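A.B. asks: The structure is given below, and queries will be raised subsequently.
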Amino acid sequence: MSAVSFQHISKSFQSGGRTVHALRDVSFDIHEGEFFGLLGPNGAGKTTLISILAGLARASAGRVTVQGHDVVDDYAAARRALGVVPQELVFDPFFSVRETLRNQSAYFGLRRNDDWIDELLAHLGLTDKADANMRQLSGGMKRRVLVAQALVHRPPVIVLDEPTAGVDVELRQTLWQFIAQLNKQGHAVLLTTHYLEEAEALCQRIGMLKQGQLVALDRTSALLAGTASTMLRFKTDATLPPALAAIARVTGRIVQLPAKDATEVERLLATLREAHCPVEDLELGRADLEDVFLSIMHGRETQP
């Protein structure tokens with residue numbers, strides 16, 4: 001049995017007199033105990049898919065199950081198996097951190113949950129904020145409380161929708177250490193993030209959405225193996241020749257060019273010399289998940 005199963009999910013709605021297709025026939029499973037990454041640009045359909053999983057939206061077609069429980073027909077059991085950390089900071093300003101977690105526990109019928117709440121507070125660096133009102137917390141601290149709320153009933157499936165967006169390095173490290181520990185204990189994790197280095201480091205398998213369609217689905221290692229193994233990186237203030245500009249990834253003065261082997265590296269350098277394009281800080285590096293992601297999003301899809 002899969003931890004989560006998306007079966008032919010489509011979602012459409014009307015906007016300005018036209019039909020918008022947010023999701024088109026999306027199907028994949030997340031295995032028990034798996035750390036799965038769901039990636040895609042803004043508007044690709046990631047949050048819509050999670051909203052359908054969490055019961056916040058209804059699919060136009062298809063079926064979603066959480067540990068075998070249909071999210072529509074058996075919604076109570078599906079909700080109990082699921083812990084969702086949303087993108088937006090949503091909180092009740094009238095309660096302290098501990099009261100918030102006790103109230104969340106009560107939603108799931110957990111009356112004596114203080115030991116686990118204390119453990120969550122400790123793991124997420126919230127112990128000294130336990131009696132603070134939610135209104136008094138910084139954005140990063142509120143984010144930590146959202147994570148604790150999602151985990152307070154010990155769900156076997158954890159969904160993290162951009163959990164580290166706009167938070168400091170300390171929280172990111174603390175969160176990933178704790179989530180990785182829960183994953184090793186058997187919890188399945190579904191992560192969406194724009195920090196692709198996080199997905200590369202954490203996720204065993206990755207699916208990519210583009211315009212509501214699943215365009216890649218494979219093990220992280222296989223996706224990395226399917227792109228150029230080497231990236232030529234350098235800095236320049238010059239304009240790249242058109243042939244290189246078409247394949248380059250440019251961030252400010254930093255340019256990255258894919259090269260499959262030494263012969264291609266030599267060809268790229270010769271093209272730069274012929275174009276009188278001076279370079280600084282030249283280095284060779286391994287292609288990463290961001291390179292894979294950009295390649296797929298720019299049209300060279302790997303069909304799942």
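Numbering starts fresh at 1 for the residues of each chain in the structure tokens, the chains themselves are lettered A, B, ... in the order given, and ligands are numbered from 1 as they appear.
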Enumerate the residues of region 21-114 of chain A with a DSSP assignment of helix (DSSP H, G or I), computed from the backbone, and present them as JSON, numbers by chain.
C.D. replies: {"A": [46, 47, 48, 49, 50, 51, 52, 53, 75, 76, 77, 78, 79, 80, 97, 98, 99, 100, 101, 102, 103, 104, 105, 106, 107, 114]}
A.B. asks: As a ChimeraX atom specification, list the residues of region 101-286 of chain A assigned to strand (DSSP E) by DSSP on the backbone atoms of this structure.
C.D. replies: /A:157-161,188-192,205-210,213-219,230-235,249-251,254-259,280-286
A.B. asks: Give me a file of those residues, with N, CA and C atoms, as a short mmCIF file (atom, residue, chain, number, x, y, z; two decimals), in the first residue's frame.
C.D. replies:
```cif
data_model
loop_
_atom_site.label_atom_id
_atom_site.label_comp_id
_atom_site.auth_asym_id
_atom_site.auth_seq_id
_atom_site.Cartn_x
_atom_site.Cartn_y
_atom_site.Cartn_z
N VAL A 157 2.17 10.47 7.44
CA VAL A 157 2.49 11.19 6.20
C VAL A 157 2.62 12.67 6.52
N ILE A 158 3.76 13.25 6.18
CA ILE A 158 4.05 14.66 6.46
C ILE A 158 4.17 15.41 5.14
N VAL A 159 3.43 16.52 5.01
CA VAL A 159 3.45 17.32 3.80
C VAL A 159 4.03 18.70 4.14
N LEU A 160 5.09 19.07 3.45
CA LEU A 160 5.78 20.34 3.71
C LEU A 160 5.70 21.19 2.45
N ASP A 161 4.87 22.22 2.47
CA ASP A 161 4.68 23.09 1.32
C ASP A 161 5.50 24.36 1.51
N ALA A 188 6.47 8.99 5.89
CA ALA A 188 6.61 9.44 4.50
C ALA A 188 6.56 10.95 4.48
N VAL A 189 7.37 11.58 3.61
CA VAL A 189 7.44 13.03 3.54
C VAL A 189 7.26 13.48 2.10
N LEU A 190 6.36 14.44 1.91
CA LEU A 190 6.17 15.09 0.61
C LEU A 190 6.61 16.54 0.75
N LEU A 191 7.61 16.94 -0.02
CA LEU A 191 8.19 18.28 0.09
C LEU A 191 8.03 19.05 -1.21
N THR A 192 7.55 20.29 -1.12
CA THR A 192 7.68 21.22 -2.23
C THR A 192 8.61 22.33 -1.77
N ARG A 205 13.22 10.46 -4.31
CA ARG A 205 12.59 10.51 -5.63
C ARG A 205 11.98 11.88 -5.82
N ILE A 206 11.88 12.30 -7.09
CA ILE A 206 11.38 13.64 -7.40
C ILE A 206 10.40 13.58 -8.57
N GLY A 207 9.30 14.32 -8.44
CA GLY A 207 8.38 14.55 -9.54
C GLY A 207 8.40 16.04 -9.88
N MET A 208 8.27 16.35 -11.15
CA MET A 208 8.26 17.76 -11.58
C MET A 208 6.98 18.06 -12.34
N LEU A 209 6.34 19.16 -11.94
CA LEU A 209 5.13 19.63 -12.60
C LEU A 209 5.45 20.84 -13.47
N LYS A 210 4.81 20.89 -14.63
CA LYS A 210 4.93 22.04 -15.52
C LYS A 210 3.58 22.27 -16.16
N GLN A 213 1.01 19.54 -15.54
CA GLN A 213 1.28 18.19 -15.99
C GLN A 213 2.56 17.66 -15.37
N LEU A 214 2.59 16.36 -15.11
CA LEU A 214 3.78 15.71 -14.58
C LEU A 214 4.73 15.45 -15.74
N VAL A 215 5.89 16.13 -15.75
CA VAL A 215 6.81 16.02 -16.88
C VAL A 215 8.08 15.24 -16.54
N ALA A 216 8.28 14.92 -15.27
CA ALA A 216 9.42 14.10 -14.88
C ALA A 216 9.09 13.39 -13.58
N LEU A 217 9.52 12.14 -13.47
CA LEU A 217 9.30 11.36 -12.25
C LEU A 217 10.36 10.27 -12.21
N ASP A 218 11.30 10.38 -11.25
CA ASP A 218 12.38 9.40 -11.19
C ASP A 218 13.14 9.57 -9.88
N ARG A 219 14.04 8.65 -9.62
CA ARG A 219 14.94 8.79 -8.49
C ARG A 219 15.84 10.00 -8.72
N THR A 230 29.07 17.59 -16.28
CA THR A 230 29.99 18.66 -15.92
C THR A 230 29.40 20.02 -16.28
N MET A 231 29.67 21.00 -15.44
CA MET A 231 29.28 22.38 -15.73
C MET A 231 30.53 23.24 -15.73
N LEU A 232 30.71 24.02 -16.78
CA LEU A 232 31.80 24.99 -16.86
C LEU A 232 31.28 26.30 -16.28
N ARG A 233 31.91 26.75 -15.19
CA ARG A 233 31.45 27.95 -14.49
C ARG A 233 32.52 29.03 -14.55
N PHE A 234 32.09 30.27 -14.76
CA PHE A 234 33.04 31.39 -14.78
C PHE A 234 32.26 32.69 -14.60
N LYS A 235 33.01 33.78 -14.42
CA LYS A 235 32.43 35.11 -14.34
C LYS A 235 32.88 35.92 -15.55
N ARG A 249 23.31 29.24 -18.32
CA ARG A 249 22.55 29.66 -17.15
C ARG A 249 23.32 30.81 -16.54
N VAL A 250 22.70 32.00 -16.53
CA VAL A 250 23.39 33.22 -16.13
C VAL A 250 22.75 33.78 -14.87
N THR A 251 23.58 34.03 -13.86
CA THR A 251 23.13 34.68 -12.63
C THR A 251 24.07 35.84 -12.35
N ILE A 254 27.83 35.52 -13.13
CA ILE A 254 28.19 34.10 -13.14
C ILE A 254 27.50 33.38 -14.29
N VAL A 255 28.29 32.67 -15.08
CA VAL A 255 27.77 31.93 -16.23
C VAL A 255 28.08 30.45 -16.01
N GLN A 256 27.12 29.60 -16.34
CA GLN A 256 27.32 28.14 -16.28
C GLN A 256 26.93 27.55 -17.63
N LEU A 257 27.81 26.72 -18.16
CA LEU A 257 27.58 26.07 -19.45
C LEU A 257 27.71 24.56 -19.29
N PRO A 258 26.76 23.80 -19.82
CA PRO A 258 26.84 22.33 -19.71
C PRO A 258 27.89 21.77 -20.66
N ALA A 259 28.63 20.79 -20.16
CA ALA A 259 29.65 20.13 -20.98
C ALA A 259 29.70 18.65 -20.61
N GLU A 280 36.70 35.07 -15.81
CA GLU A 280 37.40 35.06 -14.53
C GLU A 280 36.91 33.86 -13.71
N ASP A 281 37.73 33.43 -12.78
CA ASP A 281 37.37 32.39 -11.82
C ASP A 281 36.80 31.16 -12.52
N LEU A 282 37.49 30.70 -13.52
CA LEU A 282 37.04 29.54 -14.30
C LEU A 282 37.16 28.27 -13.45
N GLU A 283 36.09 27.44 -13.46
CA GLU A 283 36.13 26.17 -12.73
C GLU A 283 35.18 25.17 -13.38
N LEU A 284 35.42 23.90 -13.10
CA LEU A 284 34.53 22.82 -13.53
C LEU A 284 33.81 22.28 -12.31
N GLY A 285 32.53 22.04 -12.44
CA GLY A 285 31.74 21.51 -11.33
C GLY A 285 30.73 20.48 -11.83
N ARG A 286 30.17 19.74 -10.88
CA ARG A 286 29.17 18.72 -11.21
C ARG A 286 27.82 19.39 -11.46
#
```
A.B. asks: Restrict the calculation to only C-alpha atoms, then for each residue of region 116-209 of chain A with any atom at most 10 Å from an atom of region 287-299 of chain A give the closest atom pair and their distance in Å to one decimal, rows by chain and rising residue number, as CSV.
C.D. replies:
```
residue,atom,partner,partner_atom,distance
A:His194,CA,A:Glu290,CA,9.6
A:Tyr195,CA,A:Glu290,CA,9.0
A:Leu196,CA,A:Glu290,CA,6.0
A:Glu197,CA,A:Leu289,CA,7.0
A:Glu198,CA,A:Leu289,CA,9.7
A:Ala199,CA,A:Leu289,CA,8.1
A:Glu200,CA,A:Leu289,CA,6.1
A:Ala201,CA,A:Leu289,CA,9.6
A:Met208,CA,A:Phe293,CA,8.0
A:Leu209,CA,A:Met297,CA,8.8
```
A.B. asks: How about saving the chosen residues, N, CA and C atoms kept, as a PDB file, in the first residue's frame?
C.D. replies:
```pdb
ATOM      1  N   HIS A 194      11.438  25.667  -3.442  1.00  0.00           N
ATOM      2  CA  HIS A 194      12.187  26.313  -4.521  1.00  0.00           C
ATOM      3  C   HIS A 194      13.682  26.278  -4.234  1.00  0.00           C
ATOM      4  N   TYR A 195      14.055  25.782  -3.056  1.00  0.00           N
ATOM      5  CA  TYR A 195      15.471  25.597  -2.735  1.00  0.00           C
ATOM      6  C   TYR A 195      15.869  24.203  -3.225  1.00  0.00           C
ATOM      7  N   LEU A 196      16.348  24.130  -4.463  1.00  0.00           N
ATOM      8  CA  LEU A 196      16.573  22.829  -5.077  1.00  0.00           C
ATOM      9  C   LEU A 196      17.722  22.062  -4.445  1.00  0.00           C
ATOM     10  N   GLU A 197      18.641  22.776  -3.782  1.00  0.00           N
ATOM     11  CA  GLU A 197      19.706  22.060  -3.078  1.00  0.00           C
ATOM     12  C   GLU A 197      19.135  21.250  -1.925  1.00  0.00           C
ATOM     13  N   GLU A 198      18.031  21.735  -1.313  1.00  0.00           N
ATOM     14  CA  GLU A 198      17.361  20.969  -0.264  1.00  0.00           C
ATOM     15  C   GLU A 198      16.766  19.693  -0.844  1.00  0.00           C
ATOM     16  N   ALA A 199      16.081  19.821  -1.957  1.00  0.00           N
ATOM     17  CA  ALA A 199      15.458  18.643  -2.578  1.00  0.00           C
ATOM     18  C   ALA A 199      16.508  17.627  -2.993  1.00  0.00           C
ATOM     19  N   GLU A 200      17.618  18.103  -3.544  1.00  0.00           N
ATOM     20  CA  GLU A 200      18.676  17.187  -3.978  1.00  0.00           C
ATOM     21  C   GLU A 200      19.268  16.431  -2.793  1.00  0.00           C
ATOM     22  N   ALA A 201      19.437  17.134  -1.670  1.00  0.00           N
ATOM     23  CA  ALA A 201      20.057  16.522  -0.500  1.00  0.00           C
ATOM     24  C   ALA A 201      19.118  15.565   0.223  1.00  0.00           C
ATOM     25  N   MET A 208       8.266  16.354 -11.146  1.00  0.00           N
ATOM     26  CA  MET A 208       8.256  17.757 -11.575  1.00  0.00           C
ATOM     27  C   MET A 208       6.984  18.057 -12.336  1.00  0.00           C
ATOM     28  N   LEU A 209       6.335  19.161 -11.940  1.00  0.00           N
ATOM     29  CA  LEU A 209       5.127  19.631 -12.603  1.00  0.00           C
ATOM     30  C   LEU A 209       5.448  20.835 -13.468  1.00  0.00           C
TER      31      LEU A 209
END
```
A.B. asks: Taking only C-alpha atoms into account, name the residue in A:Ala22, A:Leu53, A:Met134, A:Leu124 that is nearest to Ala78 (chain A).
C.D. replies: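 So, comparing all the options, the nearest one is A:Leu53.
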A.B. asks: So how far away is CA of Thr193 (chain A) from CA of Gly37 (chain A), in Å?
C.D. replies: 7.9 Å
A.B. asks: I need the residue nearest Met141 (chain A) from this list: A:Ser10, A:Gln104, A:Thr47, A:Thr127. Use only C-alpha atoms for the distance.
C.D. replies: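 The answer is A:Thr127, which sits nearest to Met141 (chain A).
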A.B. asks: So how far away is CA of Gly33 (chain A) from CA of Thr65 (chain A), in Å?
C.D. replies: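 Straight-line distance from CA of Thr65 (chain A) to CA of Gly33 (chain A) works out to 15.7 Å.
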